[in-house]
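So this block is start_1.cif, mmCIF, C-alpha atoms:
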data_input
#
loop_
_atom_site.label_atom_id
_atom_site.label_comp_id
_atom_site.auth_asym_id
_atom_site.auth_seq_id
_atom_site.Cartn_x
_atom_site.Cartn_y
_atom_site.Cartn_z
CA MET H 134 67.81 87.97 113.17
CA ASN H 135 70.06 87.79 116.25
CA ASP H 136 73.81 88.45 116.30
CA LYS H 137 74.67 84.74 116.15
CA GLU H 138 72.63 84.25 112.98
CA GLN H 139 74.14 87.44 111.55
CA LEU H 140 77.65 86.08 112.09
CA TYR H 141 76.77 82.81 110.35
CA LEU H 142 75.40 84.84 107.44
CA LEU H 143 78.53 87.02 107.39
CA VAL H 144 80.79 83.97 106.98
CA GLU H 145 78.59 82.71 104.14
CA LYS H 146 78.55 86.09 102.38
CA TYR H 147 82.30 86.52 102.88
CA ASN H 148 83.04 83.20 101.16
CA SER H 149 80.67 84.14 98.33
CA LEU H 150 82.46 87.46 97.91
CA LYS H 151 85.85 85.76 97.65
CA HIS H 152 84.45 83.32 95.08
CA GLU H 153 83.06 86.13 92.89
CA ILE H 154 86.23 88.22 93.13
CA GLY H 155 88.28 85.09 92.30
CA LYS H 156 86.53 84.92 88.92
CA VAL H 157 88.45 88.04 87.89
CA ILE H 158 91.42 88.33 90.27
CA VAL H 159 93.90 85.45 90.18
CA GLY H 160 95.80 84.95 93.43
CA GLN H 161 96.39 87.97 95.73
CA HIS H 162 94.37 86.17 98.42
CA GLU H 163 95.90 88.12 101.31
CA ALA H 164 95.23 91.45 99.61
CA VAL H 165 91.61 90.51 98.90
CA ASP H 166 91.17 89.35 102.51
CA SER H 167 92.57 92.65 103.77
CA LEU H 168 90.31 94.69 101.49
CA LEU H 169 87.24 92.82 102.71
CA LEU H 170 88.36 93.19 106.33
CA SER H 171 88.66 96.96 105.90
CA ILE H 172 85.21 97.13 104.27
CA PHE H 173 83.48 95.19 107.06
CA SER H 174 85.44 97.14 109.67
CA GLY H 175 84.38 100.46 108.15
CA GLY H 176 87.96 101.61 107.56
CA HIS H 177 89.91 103.02 104.63
CA CYS H 178 92.71 101.09 102.92
CA LEU H 179 95.97 102.02 101.20
CA LEU H 180 97.21 99.59 98.52
CA LEU H 181 100.92 99.55 97.75
CA GLY H 182 102.23 97.68 94.72
CA VAL H 183 104.16 98.02 91.47
CA PRO H 184 102.22 98.72 88.25
CA GLY H 185 100.35 95.82 86.65
CA LEU H 186 99.28 93.95 89.80
CA ALA H 187 95.56 94.63 89.17
CA LYS H 188 95.06 97.07 92.05
CA THR H 189 92.45 99.09 90.14
CA LEU H 190 90.74 95.97 88.78
CA MET H 191 90.61 94.48 92.27
CA VAL H 192 88.83 97.53 93.70
CA SER H 193 86.36 97.88 90.82
CA THR H 194 85.53 94.14 91.00
CA LEU H 195 84.96 94.47 94.74
CA ALA H 196 82.54 97.35 94.14
CA ARG H 197 80.58 95.24 91.64
CA THR H 198 80.23 92.31 94.02
CA LEU H 199 79.04 94.63 96.80
CA GLY H 200 76.51 96.44 94.65
CA LEU H 201 77.94 99.83 95.69
CA THR H 202 78.45 103.00 93.69
CA PHE H 203 82.05 103.28 92.53
CA SER H 204 84.15 106.28 91.55
CA ARG H 205 87.75 106.38 90.33
CA ILE H 206 89.89 109.49 90.68
CA GLN H 207 93.21 109.58 88.85
CA PHE H 208 95.47 111.77 90.98
CA THR H 209 97.70 114.06 88.93
CA PRO H 210 99.84 117.12 89.79
CA ASP H 211 97.23 119.52 88.37
CA LEU H 212 94.24 118.03 90.23
CA MET H 213 92.39 120.61 92.33
CA PRO H 214 90.41 119.99 95.56
CA SER H 215 87.15 120.95 93.80
CA ASP H 216 87.84 118.22 91.21
CA ILE H 217 87.35 115.75 94.07
CA THR H 218 84.75 117.30 96.34
CA GLY H 219 82.68 119.24 93.79
CA SER H 220 81.99 122.93 93.28
CA GLU H 221 79.22 125.50 93.15
CA ILE H 222 77.98 126.85 89.83
CA LEU H 223 75.55 129.59 88.88
CA ASP H 224 72.54 127.94 87.25
CA SER H 225 70.06 129.41 84.75
CA SER H 226 67.94 130.92 87.54
CA ARG H 227 71.05 132.77 88.79
CA GLN H 228 71.17 130.65 91.96
CA PHE H 229 74.27 128.88 93.19
CA LYS H 230 73.99 125.10 92.92
CA PHE H 231 76.43 122.57 94.34
CA ILE H 232 77.59 119.96 91.83
CA GLN H 233 78.83 116.87 93.61
CA GLY H 234 82.31 115.63 92.80
CA PRO H 235 83.47 112.00 92.37
CA VAL H 236 83.99 111.64 96.14
CA PHE H 237 80.21 111.20 96.46
CA ALA H 238 80.25 107.43 96.01
CA ASN H 239 80.28 104.41 98.30
CA ILE H 240 83.73 103.27 97.15
CA VAL H 241 86.24 105.86 95.96
CA LEU H 242 89.43 104.64 94.32
CA ALA H 243 92.16 107.26 94.75
CA ASP H 244 94.59 106.08 92.09
CA GLU H 245 98.22 107.03 92.80
CA ILE H 246 97.30 109.38 95.63
CA ASN H 247 100.94 110.46 96.00
CA ARG H 248 100.93 112.06 92.52
CA THR H 249 98.97 115.13 93.63
CA PRO H 250 100.01 118.07 95.88
CA PRO H 251 99.23 118.09 99.62
CA LYS H 252 96.37 120.60 99.24
CA THR H 253 94.41 118.18 97.06
CA GLN H 254 95.37 115.17 99.17
CA ALA H 255 93.99 117.00 102.22
CA ALA H 256 90.62 117.55 100.53
CA LEU H 257 90.14 113.80 100.18
CA LEU H 258 91.53 112.99 103.62
CA GLU H 259 89.14 115.49 105.22
CA ALA H 260 86.22 113.73 103.56
CA MET H 261 87.59 110.39 104.85
CA GLN H 262 87.62 111.66 108.42
CA GLU H 263 84.44 113.74 108.53
CA LYS H 264 82.31 111.69 106.07
CA ASN H 265 80.99 114.93 104.60
CA VAL H 266 82.03 117.78 102.32
CA THR H 267 81.61 121.47 103.19
CA ALA H 268 81.10 124.14 100.54
CA ASN H 269 80.37 127.78 101.42
CA GLY H 270 79.40 126.84 104.96
CA VAL H 271 76.97 124.11 103.88
CA SER H 272 77.74 120.50 104.83
CA TYR H 273 76.90 117.73 102.35
CA PRO H 274 76.95 114.18 103.80
CA LEU H 275 78.70 111.45 101.86
CA PRO H 276 76.78 108.24 101.08
CA ALA H 277 76.90 105.40 103.58
CA PRO H 278 78.83 103.18 103.65
CA PHE H 279 81.83 105.22 102.49
CA PHE H 280 85.28 103.79 101.80
CA VAL H 281 88.43 105.24 100.28
CA LEU H 282 90.78 102.72 98.72
CA ALA H 283 93.95 104.50 97.66
CA THR H 284 96.86 103.14 95.62
CA GLN H 285 100.53 104.07 95.63
CA ASN H 286 103.36 103.04 93.37
CA PRO H 287 106.52 102.25 95.43
CA ILE H 288 108.80 102.95 92.48
CA GLU H 289 109.14 106.11 90.36
CA GLN H 290 109.26 108.51 93.30
CA GLU H 291 110.22 111.47 91.08
CA GLY H 292 107.41 114.01 90.93
CA THR H 293 105.48 112.53 93.86
CA TYR H 294 104.17 114.04 97.08
CA PRO H 295 104.45 111.39 99.82
CA LEU H 296 101.61 111.36 102.31
CA PRO H 297 102.65 112.79 105.71
CA GLU H 298 102.48 110.43 108.67
CA ALA H 299 99.46 112.27 110.12
CA GLN H 300 97.53 111.66 106.89
CA LEU H 301 98.72 108.07 106.55
CA ASP H 302 97.23 107.50 110.00
CA ARG H 303 93.73 108.01 108.51
CA PHE H 304 94.07 104.70 106.70
CA MET H 305 93.15 101.65 108.73
CA PHE H 306 95.26 99.25 106.62
CA ASN H 307 98.35 99.55 104.47
CA VAL H 308 98.26 96.48 102.20
CA ARG H 309 101.23 95.42 100.09
CA LEU H 310 100.66 93.45 96.90
CA ASP H 311 103.31 90.96 95.80
CA TYR H 312 104.12 89.58 92.38
CA PRO H 313 102.04 86.53 91.42
CA SER H 314 103.58 83.06 91.51
CA PHE H 315 104.58 81.38 88.23
CA ASP H 316 101.40 79.27 88.08
CA GLU H 317 99.21 82.27 88.94
CA GLU H 318 100.82 84.34 86.21
CA VAL H 319 100.20 81.57 83.67
CA ARG H 320 96.50 81.62 84.69
CA ILE H 321 96.42 85.43 84.43
CA VAL H 322 97.83 85.36 80.90
CA LYS H 323 95.40 82.62 79.82
CA GLN H 324 92.43 84.43 81.36
CA THR H 325 93.19 87.90 80.03
CA THR H 326 94.29 87.16 76.45
CA ILE H 327 90.98 85.73 75.27
CA CYS H 328 87.71 87.56 74.59
CA GLN H 329 85.74 86.33 77.58
CA ASP H 330 83.80 88.53 79.97
CA GLN H 331 83.39 87.12 83.46
CA GLU H 332 79.91 87.60 84.88
CA ILE H 333 80.11 88.95 88.43
CA GLN H 334 77.17 88.44 90.78
CA LYS H 335 76.17 91.02 93.35
CA VAL H 336 76.56 89.44 96.80
CA LEU H 337 75.80 92.23 99.29
CA SER H 338 73.91 95.50 99.46
CA ALA H 339 74.84 98.73 101.25
CA GLU H 340 72.25 98.05 103.96
CA GLU H 341 73.63 94.56 104.62
CA ILE H 342 77.18 95.89 104.90
CA ILE H 343 76.09 98.48 107.48
CA ALA H 344 74.23 95.78 109.43
CA PHE H 345 77.31 93.51 109.47
CA GLN H 346 79.49 96.43 110.59
CA GLU H 347 77.19 97.01 113.57
CA VAL H 348 77.32 93.33 114.56
CA ILE H 349 81.12 93.32 114.37
CA HIS H 350 81.43 96.50 116.45
CA HIS H 351 79.27 94.93 119.16
CA MET H 352 81.42 91.80 119.49
CA PRO H 353 82.80 91.43 123.05
CA VAL H 354 86.57 91.69 123.44
CA PRO H 355 88.28 90.10 126.49
CA ASP H 356 90.44 92.42 128.60
CA ASN H 357 93.56 90.37 127.94
CA VAL H 358 93.11 90.86 124.18
CA LEU H 359 92.61 94.61 124.63
CA GLU H 360 95.74 94.79 126.76
CA TYR H 361 97.70 92.76 124.20
CA ALA H 362 96.72 95.19 121.41
CA VAL H 363 97.72 98.22 123.49
CA ARG H 364 100.98 96.50 124.48
CA LEU H 365 101.93 95.94 120.83
CA VAL H 366 101.27 99.57 119.98
CA SER H 367 103.17 100.84 123.01
CA LEU H 368 106.19 98.76 121.93
CA THR H 369 106.39 100.87 118.76
CA ARG H 370 106.93 104.08 120.75
CA PRO H 371 110.25 105.58 121.92
CA THR H 372 109.25 105.12 125.57
CA GLY H 373 108.09 101.54 125.21
CA GLN H 374 110.47 99.94 122.75
CA THR H 375 112.38 96.81 123.57
CA SER H 376 116.15 96.89 123.21
CA GLN H 377 115.69 94.84 120.03
CA THR H 378 113.59 97.47 118.24
CA ALA H 379 114.64 100.71 119.99
CA HIS H 380 117.69 100.89 117.74
CA TYR H 381 115.54 101.17 114.59
CA ILE H 382 112.48 103.34 115.40
CA SER H 383 112.20 107.14 115.46
CA TRP H 384 108.45 107.40 116.02
CA GLY H 385 105.71 104.91 116.74
CA ALA H 386 101.96 104.47 116.43
CA GLY H 387 99.30 106.50 118.25
CA PRO H 388 96.10 105.37 120.00
CA ARG H 389 94.26 105.08 116.68
CA ALA H 390 96.42 102.03 115.94
CA SER H 391 95.15 100.32 119.11
CA GLN H 392 91.58 101.06 118.06
CA TYR H 393 92.14 99.67 114.56
CA LEU H 394 93.85 96.55 115.94
CA ILE H 395 90.74 95.75 117.99
CA ILE H 396 88.28 96.58 115.19
CA GLY H 397 90.31 94.55 112.68
CA ALA H 398 90.65 91.64 115.12
CA ARG H 399 86.89 91.65 115.68
CA CYS H 400 86.29 91.45 111.95
CA HIS H 401 88.95 88.76 111.45
CA ALA H 402 87.34 86.68 114.19
CA ALA H 403 83.85 87.16 112.73
CA ILE H 404 84.73 85.99 109.21
CA HIS H 405 86.31 82.87 110.73
CA GLY H 406 83.18 82.01 112.67
CA LYS H 407 84.37 83.10 116.11
CA TYR H 408 82.21 85.07 118.54
CA SER H 409 85.09 86.95 120.14
CA PRO H 410 88.64 87.82 119.01
CA ASP H 411 91.81 86.49 120.58
CA SER H 412 95.51 87.35 120.31
CA GLU H 413 95.82 85.40 117.04
CA ASP H 414 93.31 87.75 115.44
CA ILE H 415 95.37 90.72 116.64
CA ASP H 416 98.50 89.18 115.09
CA ALA H 417 96.64 88.57 111.80
CA VAL H 418 95.97 92.30 111.26
CA ALA H 419 99.01 93.78 113.03
CA LEU H 420 101.21 94.13 109.92
CA ASN H 421 98.57 95.98 107.91
CA VAL H 422 97.69 98.26 110.83
CA LEU H 423 101.21 99.11 112.05
CA ARG H 424 103.50 99.12 109.01
CA HIS H 425 102.61 102.69 107.94
CA ARG H 426 102.56 104.03 111.50
CA ILE H 427 106.21 103.30 112.31
CA VAL H 428 108.92 105.71 111.25
CA ARG H 429 112.29 104.00 110.80
CA ASN H 430 115.49 105.80 111.61
CA TYR H 431 118.81 105.91 109.78
CA TYR H 432 120.09 102.69 111.34
CA ALA H 433 117.12 100.67 110.07
CA GLU H 434 117.53 102.03 106.54
CA ALA H 435 121.28 101.46 106.58
CA GLU H 436 120.91 97.86 107.76
CA GLY H 437 117.99 97.09 105.43
CA ILE H 438 115.50 96.54 108.27
CA SER H 439 111.97 97.06 106.94
CA THR H 440 108.94 98.14 108.97
CA ASP H 441 107.53 94.63 108.48
CA ASP H 442 110.65 93.19 110.12
CA ILE H 443 110.19 95.59 113.05
CA VAL H 444 106.49 94.72 113.46
CA ARG H 445 107.30 91.00 113.49
CA GLN H 446 109.91 91.61 116.20
CA ILE H 447 107.36 93.59 118.20
CA ILE H 448 104.78 90.77 117.93
CA THR H 449 107.35 88.33 119.24
CA ALA H 450 108.33 90.67 122.08
CA GLY H 451 104.70 91.31 123.00
CA LYS H 452 103.80 87.68 123.64
#
Just give me the structure as structure tokens.
Amino acid sequence: MNDKEQLYLLVEKYNSLKHEIGKVIVGQHEAVDSLLLSIFSGGHCLLLGVPGLAKTLMVSTLARTLGLTFSRIQFTPDLMPSDITGSEILDSSRQFKFIQGPVFANIVLADEINRTPPKTQAALLEAMQEKNVTANGVSYPLPAPFFVLATQNPIEQEGTYPLPEAQLDRFMFNVRLDYPSFDEEVRIVKQTTICQDQEIQKVLSAEEIIAFQEVIHHMPVPDNVLEYAVRLVSLTRPTGQTSQTAHYISWGAGPRASQYLIIGARCHAAIHGKYSPDSEDIDAVALNVLRHRIVRNYYAEAEGISTDDIVRQIITAGK
């Protein structure tokens, strides 16, 4: 099957995935799109939303439709790194044996990742970057494909350990979930207050996901689109800010943001049946890629200017 046929198949599978997820998740179309984009791009995703917006249900439903192994880790203040990665035990033959932790799954849901101390956060983030776990000098590869989908609660900040900017940078997307509309909430209540189990069909396998990722990574990108992505990222930095945004930014995004903009734009183009991304595809993923890579200063906080507002100004300035 050539790349063109693979792209046609990707669009078909993508629509099937959205249909299956829609059987369980009402609304949240942008969040579902972003999750699927991160999966096909091979990146990790941070979900930000108040309690009760079905973040955990969304991730577990996604794992079922993809036919991938799924593991959920509830992050708490007493969680230790070995509770995530695994540990060595002395078996009956008096030999040390490594027992794999919950991180050894295709999709790992890190629930409320900011509830655990930095030492434990770092254990997961190392696995995200290296795609393996090391114990006593022995490296154990994680299954492929491997995705970490972490959640954070934007309220109740007491007793939390916010992720440092360097660790936030490991996540390709930062996706914000909004409250459902009135009609969507009526559907949610109707759907969840009756004894009815929705049957979810498996749409993709691990091998198919890896094949689609390779096709997406081989998509050609015009030079003007590459330059546009780099220009947007440079506008977030102290040396490249426009007068409109310079007043509000302390620190901007690094080169990894430019890479993720291109990878995300490739994927966005592919699922819409295009053979190459353009500036509109860059714009479509810019908020999710840049919002957690910009550090606002005092003036932005005092004037109520959010990072989303700043990114939108940067997109306008970068045209």
When you count only C-alpha atoms, which of these residues is closest to Thr202 of chain H: H:Met261, H:Ala339, H:Leu394, H:Leu190?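 Of H:Met261, H:Ala339, H:Leu394, H:Leu190, the one nearest Thr202 of chain H is H:Ala339, counting only C-alpha atoms.
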Nearest to Leu150 of chain H by atom-to-atom distance, counting all atoms listed in the file, from H:Leu296, H:Met213, H:Leu368, H:Ile404: H:Ile404
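Rounded to one decimal, atom CA of Glu332 of chain H and atom CA of Lys146 of chain H lie 17.6 Å from each other.
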Please report the interatomic distance between atom CA of Ile396 of chain H and atom CA of Phe203 of chain H in Å with one decimal.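 It comes out at 24.4 Å.
With atom CA of Asp316 of chain H on one side and atom CA of Val159 of chain H on the other, the separation reads 9.9 Å.
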Care to translate the PyMOL selection byres ((chain H and resi 241) around 7) into actual residues of this file, as a ChimeraX atom specification? /H:203-205,236,238-240,242-243,280-282
